[in-house]
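Chemist: The structure follows.
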Amino acid sequence: MPVKNGSDYIERINRHLPDVWIAGERVRGLISEHQAFKGLMATQASMYDMQQAEEWQAKMTYASPSTGDPVGLSFLQPKTKKDLALRRQMMQAWASAHHGFLGRAPDYMNTAIMAFAAAAGLMEKESPEYADNLRRYYEYCRENDVTLSHVFIQPKAARMPAFLRTFEEDAAARVVEKNKDGIVVRGAFLLDTQGATSDEILVFPAPFPYGGGEDSPYAFAFAVPSNLAGVSFVCRESFVGGESAYNYPLSSRFEEMDTLVLFEDALVPWDRVFICGDERMAWQLVDESRFHTHAGMQIMCKNIAKTEFILGTLERMVEVGGLDGFSHVTEKVTEVIVALETLKAFQIAAEKGASRDKWGSMLPDSRPLLAANSYFPKVYPRFLEIIQLLGASGLIMIPDEADFGTEIGGQLNLYLRGIDLSAEENVKLSRLAWELSVSAFGGRQAVYERFFFGNAAVVDGRLYNTYKEREALGRRVRDFLSGKDGKGLG
């Protein structure tokens with residue numbers, strides 16, 4: 001079937017509602033009408049509509065190698081630099097539609113499953129059936145335009161060393177049984193963003209060294225429908241402030257729900273299993289698929305769109321506040337401009353430096369992407385600080401939209417005006433800045449960016465350990481100091 005549109009997306013999610021819990025209650029009825037999910041789903045539906053819109057379809061799709069039907073470009077395994085450019089243009093279009101606020105827009109996992117499937121040859125010798133499963137699943141997702149969520153990590157209780165555990169039952173997710181139908185899985189996973197609003201879930205936890213031996217019950221990877229029996233999603237508190245786009249311009253549209261996923265002896269069919277018991281293969285597939293590199297290109301599109309949106313917000317704040325004549329203001333806004341141009345340069349460098357990998361993929365240069373992964377989480381909190389510094393009291397004194405329709409509306413219109421901007425529009429801008437930098441929605445976005453690819457030590461270590469140029473540069477300085485280069489200190 002060809003790519004889906006927004007109506008297809010909403011209808012499919014409504015039809016196969018998984019077991020979702022929020023605020024102590026099980027979600028019943030149409031999930032697209034629930035306040036915690038309706039804004040996000042409407043936004044994502046508009047993104048899927050782009051795939052079938054006349055002006056966008058050629059930029060969002062390519063012909064399926066299986067059927068010839070149009071399928072999503074983010075599923076494309078890039079074989080050339082032209083393919084990389086086409087993927088970037090498509091992902092940038094979606095990122096611009098959600099302004100970078102959807103950390104788990106569908107193209108993220110479309111890219112991930114493409115990367116894993118392209119490297120399925122790793123398993124060909126020892127587990128050909130799993131290699132076939134992975135390739136078929138990628139094709140299934142591509143041909144059915146599956147909206148996929150994922151879990152890679154487990155709660156802290158599952159990661160505790162054995163000598164620190166005070167509970168009797170093992171909290172680590174594991175395979176508790178194998179039978180003719182599949183594997184039975186028990187455990188909990190986080191952080192499944194959009195788990196409640198996706199068709200399927202990819203489960204690929206980091207294989208911690210639990211001492212499981214060659215057939216470890218703790219090492220596995222599989223994908224299942226979100227409504228699989230025995231699977232439940234426990235939502236965090238919703239940060240949707242309300243349905244008003246005036247009062248809550250961001251959370252009413254872009255609030256992605258994060259969930260804890262519980263597997264209570266859920267049966268995973270054998271044809272959906274990609275790894276079972278092999279810790280070495282689990283590590284190798286993540287590494288040699290170059291998942292972080294492929295996904296890094298999608299993330300770069302998101303981060304550029306988000307930085308552009310923040311810069312635009314700051315520009316409007318400066319304009320309506322008459323702040324452009326203050327050097328300390330221009331200095332702060334310039335920080336964001338520098339960050340934006342730095343991200344764009346990383347993106348160009350990664351694409352221009354691409355080369356073909358062992359799986360036939362045109363792999364972007366990982367160095368600028370890993371540098372960007374380290375850089376953005378450090379500058380994003382500064383963006384929010386700059387919004388707070390320029391917004392000042394305007395971030396706090398933000399009347400409700402309804403206040404302008406009351407008998408005090410005239411006074412509000414007098415005292416809350418901006419330069420060439422009505423009070424109502426000025427407050428609307430202030431509410432946007434508040435949601436960005438002060439609200440629960442904004443706080444969650446800040447934490448999400450800080451730990452997007454892991455904590456700072458993990459992300460920085462990933463760059464440090466793969467940046468081989470540092471060794472050559474160290475030798476150059478050593479030779480300079482020893483005089484071996486003929487120019488040093490003798």
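Going through the structure tokens in order, the chains are called A, B, and so on, while each chain numbers its residues from 1 and the ligands are numbered from 1 in the order shown.
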Near Ala42 (chain A), within 10 Å and counting only C-alpha atoms, which residues show up once chain neighbours fewer than 4 positions away are dropped, as a list in words?

Modeler: Gly6, Ser7, Tyr9, Ile10, Ser32, Glu33, Phe37, Lys38, Ser46, Met47, Tyr48, Ser252, Arg253 and Phe254 of chain A

Chemist: Env of Glu256 (chain A): 8 Å cut, atoms = only C-alpha atoms, seq-sep filter 6 positions within chain, self excluded. Answer as a list of chain:residue names.

Modeler: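 Here the answer would be A:Phe37, A:Leu40, A:Leu102, A:Arg104, A:Thr193, A:Gln194.
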
Chemist: Take the selection from the previous step and output its residues with N, CA and C atoms, as a PDB file, in the first residue's frame.

Modeler:
ATOM      1  N   PHE A  37      -3.221  13.506  24.097  1.00  0.00           N
ATOM      2  CA  PHE A  37      -2.669  13.002  22.839  1.00  0.00           C
ATOM      3  C   PHE A  37      -3.200  13.711  21.595  1.00  0.00           C
ATOM      4  N   LEU A  40      -0.818  16.368  19.667  1.00  0.00           N
ATOM      5  CA  LEU A  40       0.296  15.692  19.003  1.00  0.00           C
ATOM      6  C   LEU A  40      -0.191  14.938  17.776  1.00  0.00           C
ATOM      7  N   LEU A 102       9.306  17.735  18.075  1.00  0.00           N
ATOM      8  CA  LEU A 102       9.018  16.306  18.144  1.00  0.00           C
ATOM      9  C   LEU A 102      10.330  15.531  18.085  1.00  0.00           C
ATOM     10  N   ARG A 104      10.728  12.508  18.651  1.00  0.00           N
ATOM     11  CA  ARG A 104      10.519  11.180  18.086  1.00  0.00           C
ATOM     12  C   ARG A 104       9.483  11.243  16.967  1.00  0.00           C
ATOM     13  N   THR A 193       8.893   7.233  24.119  1.00  0.00           N
ATOM     14  CA  THR A 193       8.211   8.437  23.668  1.00  0.00           C
ATOM     15  C   THR A 193       7.298   8.086  22.502  1.00  0.00           C
ATOM     16  N   GLN A 194       6.073   8.537  22.569  1.00  0.00           N
ATOM     17  CA  GLN A 194       5.034   8.262  21.571  1.00  0.00           C
ATOM     18  C   GLN A 194       4.622   6.792  21.542  1.00  0.00           C
TER      19      GLN A 194
END

Chemist: List every residue of region 48-78 of chain A that DSSP, applied to the backbone, labels as strand (DSSP E), and write the result as a JSON list (two decimals) with C-alpha atoms, in the first residue's frame.

Modeler:
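Output contents, as saved in out21.json:
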[["chain", "number", "residue", "atom", "x", "y", "z"],
["A", 61, "THR", "CA", 8.41, 9.72, -1.12],
["A", 62, "TYR", "CA", 10.20, 7.33, -3.47],
["A", 63, "ALA", "CA", 9.08, 4.29, -5.43],
["A", 70, "PRO", "CA", 5.25, 5.65, -3.16],
["A", 71, "VAL", "CA", 6.80, 4.99, 0.26],
["A", 72, "GLY", "CA", 8.35, 7.33, 2.81]]

Chemist: Env of region 176-181 of chain A: 8 Å cut, atoms = only C-alpha atoms, seq-sep filter 4 positions within chain, self excluded. Answer as an MDAnalysis selection string.

Modeler: chainID A and resid 185:186 217 265 267:270

Chemist: Could the residues in this selection be written to a file with N, CA, C and O atoms, as a short mmCIF file (atom, residue, chain, number, x, y, z; two decimals), in the first residue's frame?

Modeler:
data_model
loop_
_atom_site.label_atom_id
_atom_site.label_comp_id
_atom_site.auth_asym_id
_atom_site.auth_seq_id
_atom_site.Cartn_x
_atom_site.Cartn_y
_atom_site.Cartn_z
N VAL A 185 8.51 -12.63 27.32
CA VAL A 185 9.34 -11.55 27.87
C VAL A 185 8.66 -10.94 29.09
O VAL A 185 7.45 -10.68 29.09
N ARG A 186 9.47 -10.69 30.12
CA ARG A 186 9.00 -10.02 31.34
C ARG A 186 9.96 -8.90 31.67
O ARG A 186 11.19 -9.08 31.63
N PRO A 217 19.51 -14.58 28.80
CA PRO A 217 18.10 -14.18 28.74
C PRO A 217 17.92 -12.68 28.71
O PRO A 217 16.80 -12.19 28.48
N ASP A 265 4.96 -11.10 30.87
CA ASP A 265 4.95 -12.41 30.21
C ASP A 265 4.26 -12.32 28.85
O ASP A 265 3.36 -13.10 28.52
N LEU A 267 4.05 -12.72 24.87
CA LEU A 267 4.57 -13.66 23.89
C LEU A 267 4.93 -12.93 22.60
O LEU A 267 4.08 -12.32 21.95
N VAL A 268 6.22 -13.00 22.25
CA VAL A 268 6.72 -12.38 21.03
C VAL A 268 6.91 -13.48 19.99
O VAL A 268 7.71 -14.39 20.18
N PRO A 269 6.18 -13.43 18.87
CA PRO A 269 6.31 -14.48 17.86
C PRO A 269 7.73 -14.57 17.30
O PRO A 269 8.43 -13.55 17.21
N TRP A 270 8.14 -15.77 16.92
CA TRP A 270 9.50 -15.98 16.43
C TRP A 270 9.82 -15.11 15.21
O TRP A 270 10.96 -14.66 15.06
#

Chemist: Could you pull out all residues of region 345-405 of chain A with a DSSP call of helix (DSSP H, G or I) and give them as a ChimeraX atom specification?

Modeler: /A:345-352,366-395,401-405

Chemist: Would you work out the distance separating CA of Glu143 (chain A) from CA of Gln89 (chain A), expressed in Å to one decimal?

Modeler: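 Those two atoms sit 21.0 Å apart.
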
Chemist: Could you check which of A:Arg159, A:Lys306, A:Arg478, A:Lys59 is closest to Leu86 (chain A), using only C-alpha atoms?

Modeler: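 Among the listed residues, A:Lys59 lies closest to Leu86 (chain A).
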
Chemist: Find the residues near Gly418 (chain A): any atom within 12 Å, counting only C-alpha atoms, skip ones fewer than 2 places away on the same chain, and give them as a list in words.

Modeler: Arg316, Met317, Val318, Glu319, Val320, Gly321, Gly322, Leu323, Gly394, Leu412, Asn413, Leu414, Tyr415, Leu416, Asp420, Leu421, Ser422, Ala423, Glu424, Glu425, Asn426, Val427, Lys428, Leu429 and Ser430 of chain A

Chemist: How close does each residue of region 24-103 of chain A get to region 135-142 of chain A, giving the shortest atom pair and distance in Å to one decimal for every residue with an atom at most 10 Å away, counting only C-alpha atoms, sorted by chain and residue number, as JSON lines?

Modeler:
{"residue": "A:Ser64", "atom": "CA", "partner": "A:Arg142", "partner_atom": "CA", "distance": 8.2}
{"residue": "A:Pro65", "atom": "CA", "partner": "A:Glu139", "partner_atom": "CA", "distance": 9.6}
{"residue": "A:Ser66", "atom": "CA", "partner": "A:Glu139", "partner_atom": "CA", "distance": 8.5}
{"residue": "A:Pro70", "atom": "CA", "partner": "A:Arg142", "partner_atom": "CA", "distance": 9.8}
{"residue": "A:Val71", "atom": "CA", "partner": "A:Arg142", "partner_atom": "CA", "distance": 6.4}
{"residue": "A:Gly72", "atom": "CA", "partner": "A:Arg142", "partner_atom": "CA", "distance": 7.0}
{"residue": "A:Leu73", "atom": "CA", "partner": "A:Arg142", "partner_atom": "CA", "distance": 9.3}
{"residue": "A:Ser74", "atom": "CA", "partner": "A:Arg142", "partner_atom": "CA", "distance": 9.1}
{"residue": "A:Phe75", "atom": "CA", "partner": "A:Arg142", "partner_atom": "CA", "distance": 6.1}
{"residue": "A:Leu76", "atom": "CA", "partner": "A:Arg142", "partner_atom": "CA", "distance": 8.7}

Chemist: Kindly export the residues of the current selection with all heavy atoms, as an mmCIF file, in the first residue's frame.

Modeler:
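In the end it all went to result_17.cif:
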data_model
loop_
_atom_site.group_PDB
_atom_site.id
_atom_site.type_symbol
_atom_site.label_atom_id
_atom_site.label_comp_id
_atom_site.auth_asym_id
_atom_site.auth_seq_id
_atom_site.Cartn_x
_atom_site.Cartn_y
_atom_site.Cartn_z
ATOM 1 N N SER A 64 8.647 2.304 -4.120
ATOM 2 C CA SER A 64 8.997 1.083 -3.402
ATOM 3 C C SER A 64 9.704 0.103 -4.328
ATOM 4 O O SER A 64 9.231 -0.148 -5.442
ATOM 5 C CB SER A 64 7.732 0.432 -2.839
ATOM 6 O OG SER A 64 7.980 -0.919 -2.480
ATOM 7 N N PRO A 65 10.843 -0.469 -3.890
ATOM 8 C CA PRO A 65 11.506 -1.489 -4.709
ATOM 9 C C PRO A 65 10.698 -2.779 -4.809
ATOM 10 O O PRO A 65 10.986 -3.618 -5.659
ATOM 11 C CB PRO A 65 12.825 -1.713 -3.964
ATOM 12 C CG PRO A 65 12.574 -1.283 -2.563
ATOM 13 C CD PRO A 65 11.583 -0.173 -2.658
ATOM 14 N N SER A 66 9.684 -2.926 -3.961
ATOM 15 C CA SER A 66 8.858 -4.135 -3.974
ATOM 16 C C SER A 66 7.609 -3.986 -4.835
ATOM 17 O O SER A 66 7.236 -4.903 -5.569
ATOM 18 C CB SER A 66 8.436 -4.503 -2.544
ATOM 19 O OG SER A 66 9.560 -4.723 -1.721
ATOM 20 N N PRO A 70 4.475 4.669 -3.920
ATOM 21 C CA PRO A 70 5.249 5.648 -3.157
ATOM 22 C C PRO A 70 5.344 5.258 -1.680
ATOM 23 O O PRO A 70 4.331 4.939 -1.056
ATOM 24 C CB PRO A 70 4.473 6.956 -3.343
ATOM 25 C CG PRO A 70 3.085 6.528 -3.695
ATOM 26 C CD PRO A 70 3.221 5.249 -4.449
ATOM 27 N N VAL A 71 6.556 5.262 -1.162
ATOM 28 C CA VAL A 71 6.800 4.986 0.257
ATOM 29 C C VAL A 71 7.642 6.121 0.836
ATOM 30 O O VAL A 71 8.256 6.894 0.100
ATOM 31 C CB VAL A 71 7.503 3.620 0.466
ATOM 32 C CG1 VAL A 71 6.582 2.478 0.086
ATOM 33 C CG2 VAL A 71 8.807 3.548 -0.327
ATOM 34 N N GLY A 72 7.688 6.209 2.152
ATOM 35 C CA GLY A 72 8.347 7.330 2.809
ATOM 36 C C GLY A 72 9.842 7.381 2.556
ATOM 37 O O GLY A 72 10.550 6.383 2.701
ATOM 38 N N LEU A 73 10.348 8.567 2.207
ATOM 39 C CA LEU A 73 11.766 8.729 1.889
ATOM 40 C C LEU A 73 12.676 8.443 3.073
ATOM 41 O O LEU A 73 13.838 8.081 2.903
ATOM 42 C CB LEU A 73 12.013 10.149 1.376
ATOM 43 C CG LEU A 73 12.507 10.291 -0.066
ATOM 44 C CD1 LEU A 73 12.618 11.751 -0.449
ATOM 45 C CD2 LEU A 73 13.841 9.595 -0.261
ATOM 46 N N SER A 74 12.157 8.604 4.279
ATOM 47 C CA SER A 74 13.011 8.348 5.445
ATOM 48 C C SER A 74 13.299 6.862 5.625
ATOM 49 O O SER A 74 14.157 6.491 6.424
ATOM 50 C CB SER A 74 12.388 8.927 6.715
ATOM 51 O OG SER A 74 11.053 8.506 6.876
ATOM 52 N N PHE A 75 12.597 5.997 4.883
ATOM 53 C CA PHE A 75 12.908 4.566 4.905
ATOM 54 C C PHE A 75 14.020 4.208 3.919
ATOM 55 O O PHE A 75 14.535 3.091 3.939
ATOM 56 C CB PHE A 75 11.670 3.738 4.522
ATOM 57 C CG PHE A 75 10.627 3.652 5.601
ATOM 58 C CD1 PHE A 75 9.422 4.325 5.475
ATOM 59 C CD2 PHE A 75 10.837 2.880 6.737
ATOM 60 C CE1 PHE A 75 8.447 4.228 6.460
ATOM 61 C CE2 PHE A 75 9.870 2.787 7.722
ATOM 62 C CZ PHE A 75 8.669 3.458 7.581
ATOM 63 N N LEU A 76 14.383 5.126 3.047
ATOM 64 C CA LEU A 76 15.341 4.840 1.979
ATOM 65 C C LEU A 76 16.737 4.573 2.517
ATOM 66 O O LEU A 76 17.285 5.381 3.271
ATOM 67 C CB LEU A 76 15.388 6.019 1.009
ATOM 68 C CG LEU A 76 16.438 5.948 -0.114
ATOM 69 C CD1 LEU A 76 16.085 4.843 -1.102
ATOM 70 C CD2 LEU A 76 16.555 7.298 -0.825
#

Chemist: Would you compute the distance between CA of Val273 (chain A) and CA of Phe222 (chain A)? Give it in Å to one decimal.

Modeler: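 These atoms are spaced 4.5 Å apart.
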